[in-house]
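Accompanying notes for the structure given below.
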Amino acid sequence: MAELHFSRCTEPRWTWDVPYIAPMMDGGFFVAGPSRTQSVAPAPTVEAAIAMVVERLPPGCGRAFVGTPEELAEKEQSEQSERTPIDIKPQERRRFK
């Protein structure tokens with residue numbers, strides 16, 4: 001039996017933060033993950049299984065990042081720091097008005 005796994009990056013070591021799909025012996029599919037100890041639910045069709053995975057994508061998930069998980073983490077951290085508001089002291093705010 002094969003499982004369909006997804007990664008948010010294109011290079012190994014793959015990310016393990018997206019659920020995966022496995023076929024069930026009696027037909028249909030089972031969505032689990034992202035870790036092996038997490039179960040989502042059975043799905044009668046592949047379309048339903050894919051919908052379950054899409055509903056559980058990490059926030060901000062888009063196209064796969066070209067690179068390793070470490071490079072993806074660096075990129076996300078850089079983007080997060082760019083969005084973090086800067087604490088400007090009241091006396092300095094006057095300069096920006």
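FYI, nothing fancy with the structure tokens labels: chains A, B, ... in order, residues from 1 per chain, ligands from 1 as they appear.
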
Each residue of range 35-62 of chain A lying at most 12 Å from range 66-78 of chain A should get a row with its shortest atom-to-atom pair and the distance in Å to one decimal, counting only C-alpha atoms; could you produce that, ordered by chain and increasing number, as JSON lines?
{"residue": "A:Pro59", "atom": "CA", "partner": "A:Glu76", "partner_atom": "CA", "distance": 11.3}
{"residue": "A:Gly60", "atom": "CA", "partner": "A:Glu76", "partner_atom": "CA", "distance": 9.7}
{"residue": "A:Cys61", "atom": "CA", "partner": "A:Glu76", "partner_atom": "CA", "distance": 10.6}
{"residue": "A:Gly62", "atom": "CA", "partner": "A:Val66", "partner_atom": "CA", "distance": 11.8}

Just-selected residues, C-alpha atoms written as a compact mmCIF listing (two decimals), in the first residue's frame:
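Okay, this is what ended up in again15.txt:
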# COMPACT_ATOMS: atom_id res chain seq x y z
CA PRO A 59 -1.52 29.11 7.75
CA GLY A 60 -0.06 30.98 4.80
CA CYS A 61 0.66 27.76 2.91
CA GLY A 62 0.96 28.30 -0.83

List every residue of chain A that DSSP, applied to the backbone, labels as strand (DSSP E or B), and write the result as a ChimeraX atom specification.
/A:4,9,20-23,29-32,39-43,65

Preceding selection exported with N, CA, C and O atoms as a PDB file, in the first residue's frame:
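Contents of the output file selection-v2.pdb:
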ATOM      1  N   LEU A   4       0.039   8.920   0.063  1.00  0.00           N
ATOM      2  CA  LEU A   4       0.328  10.157  -0.636  1.00  0.00           C
ATOM      3  C   LEU A   4       0.664  11.223   0.397  1.00  0.00           C
ATOM      4  O   LEU A   4      -0.181  11.639   1.182  1.00  0.00           O
ATOM      5  N   CYS A   9       8.089  22.011   0.866  1.00  0.00           N
ATOM      6  CA  CYS A   9       9.335  22.352   0.180  1.00  0.00           C
ATOM      7  C   CYS A   9       9.686  21.250  -0.816  1.00  0.00           C
ATOM      8  O   CYS A   9       9.134  20.162  -0.773  1.00  0.00           O
ATOM      9  N   TYR A  20      -1.588  13.542   5.351  1.00  0.00           N
ATOM     10  CA  TYR A  20      -1.347  12.660   4.211  1.00  0.00           C
ATOM     11  C   TYR A  20      -2.546  11.742   4.000  1.00  0.00           C
ATOM     12  O   TYR A  20      -3.421  11.641   4.852  1.00  0.00           O
ATOM     13  N   ILE A  21      -2.581  11.091   2.840  1.00  0.00           N
ATOM     14  CA  ILE A  21      -3.711  10.247   2.450  1.00  0.00           C
ATOM     15  C   ILE A  21      -3.231   8.813   2.249  1.00  0.00           C
ATOM     16  O   ILE A  21      -2.210   8.581   1.589  1.00  0.00           O
ATOM     17  N   ALA A  22      -3.978   7.878   2.815  1.00  0.00           N
ATOM     18  CA  ALA A  22      -3.661   6.457   2.650  1.00  0.00           C
ATOM     19  C   ALA A  22      -4.909   5.725   2.154  1.00  0.00           C
ATOM     20  O   ALA A  22      -6.026   6.048   2.564  1.00  0.00           O
ATOM     21  N   PRO A  23      -4.735   4.744   1.258  1.00  0.00           N
ATOM     22  CA  PRO A  23      -5.896   3.952   0.816  1.00  0.00           C
ATOM     23  C   PRO A  23      -6.323   3.003   1.935  1.00  0.00           C
ATOM     24  O   PRO A  23      -5.496   2.545   2.719  1.00  0.00           O
ATOM     25  N   PHE A  29     -10.485   6.135   1.407  1.00  0.00           N
ATOM     26  CA  PHE A  29      -9.184   6.642   1.831  1.00  0.00           C
ATOM     27  C   PHE A  29      -9.247   7.061   3.285  1.00  0.00           C
ATOM     28  O   PHE A  29     -10.324   7.286   3.833  1.00  0.00           O
ATOM     29  N   PHE A  30      -8.081   7.158   3.896  1.00  0.00           N
ATOM     30  CA  PHE A  30      -7.999   7.648   5.264  1.00  0.00           C
ATOM     31  C   PHE A  30      -7.012   8.803   5.297  1.00  0.00           C
ATOM     32  O   PHE A  30      -5.906   8.699   4.766  1.00  0.00           O
ATOM     33  N   VAL A  31      -7.430   9.902   5.909  1.00  0.00           N
ATOM     34  CA  VAL A  31      -6.565  11.070   6.031  1.00  0.00           C
ATOM     35  C   VAL A  31      -6.009  11.074   7.448  1.00  0.00           C
ATOM     36  O   VAL A  31      -6.757  10.931   8.422  1.00  0.00           O
ATOM     37  N   ALA A  32      -4.710  11.216   7.551  1.00  0.00           N
ATOM     38  CA  ALA A  32      -4.036  11.212   8.846  1.00  0.00           C
ATOM     39  C   ALA A  32      -2.954  12.285   8.842  1.00  0.00           C
ATOM     40  O   ALA A  32      -2.611  12.843   7.812  1.00  0.00           O
ATOM     41  N   SER A  39      -4.909  11.233  13.610  1.00  0.00           N
ATOM     42  CA  SER A  39      -5.896  10.760  12.648  1.00  0.00           C
ATOM     43  C   SER A  39      -6.866  11.885  12.350  1.00  0.00           C
ATOM     44  O   SER A  39      -7.259  12.622  13.245  1.00  0.00           O
ATOM     45  N   VAL A  40      -7.268  12.004  11.083  1.00  0.00           N
ATOM     46  CA  VAL A  40      -8.262  13.006  10.713  1.00  0.00           C
ATOM     47  C   VAL A  40      -9.599  12.300  10.552  1.00  0.00           C
ATOM     48  O   VAL A  40     -10.467  12.418  11.398  1.00  0.00           O
ATOM     49  N   ALA A  41      -9.771  11.543   9.467  1.00  0.00           N
ATOM     50  CA  ALA A  41     -11.047  10.850   9.241  1.00  0.00           C
ATOM     51  C   ALA A  41     -10.971  10.018   7.970  1.00  0.00           C
ATOM     52  O   ALA A  41     -10.146  10.283   7.095  1.00  0.00           O
ATOM     53  N   PRO A  42     -11.864   9.040   7.828  1.00  0.00           N
ATOM     54  CA  PRO A  42     -11.972   8.339   6.551  1.00  0.00           C
ATOM     55  C   PRO A  42     -12.662   9.236   5.527  1.00  0.00           C
ATOM     56  O   PRO A  42     -13.413  10.144   5.879  1.00  0.00           O
ATOM     57  N   ALA A  43     -12.382   8.976   4.267  1.00  0.00           N
ATOM     58  CA  ALA A  43     -12.996   9.728   3.172  1.00  0.00           C
ATOM     59  C   ALA A  43     -13.454   8.728   2.111  1.00  0.00           C
ATOM     60  O   ALA A  43     -12.690   7.841   1.724  1.00  0.00           O
ATOM     61  N   PHE A  65       7.847  25.603  -1.607  1.00  0.00           N
ATOM     62  CA  PHE A  65       9.062  26.412  -1.574  1.00  0.00           C
ATOM     63  C   PHE A  65      10.188  25.622  -2.229  1.00  0.00           C
ATOM     64  O   PHE A  65      10.386  24.442  -1.914  1.00  0.00           O
TER      65      PHE A  65
END

As JSON, numbers by chain, please: all residues of range 2-95 of chain A that backbone DSSP puts in helix (DSSP H, G or I).
{"A": [46, 47, 48, 49, 50, 51, 52, 53, 54, 55, 69, 70, 71, 72, 73, 74, 75, 76, 77, 78, 79, 80, 81, 82, 83, 90, 91, 92, 93, 94, 95]}

Got a sec: who's within 7 Å of Trp16 in chain A, counting only C-alpha atoms, leaving out chain neighbours fewer than 2 positions off, as a count of residues only?
5

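Of the residues under consideration (A:Glu47, A:Val53, A:Arg63, A:Glu82), A:Arg63 shows the shortest atom-to-atom contact distance to Arg8 in chain A when counting only C-alpha atoms.
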
From the set A:Met25, A:Pro44, A:Arg56, A:Arg83, which residue has the shortest atom-to-atom contact distance to Phe6 in chain A, counting only C-alpha atoms?
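Comparing A:Met25, A:Pro44, A:Arg56, A:Arg83 against Phe6 in chain A, the winner is A:Arg56.
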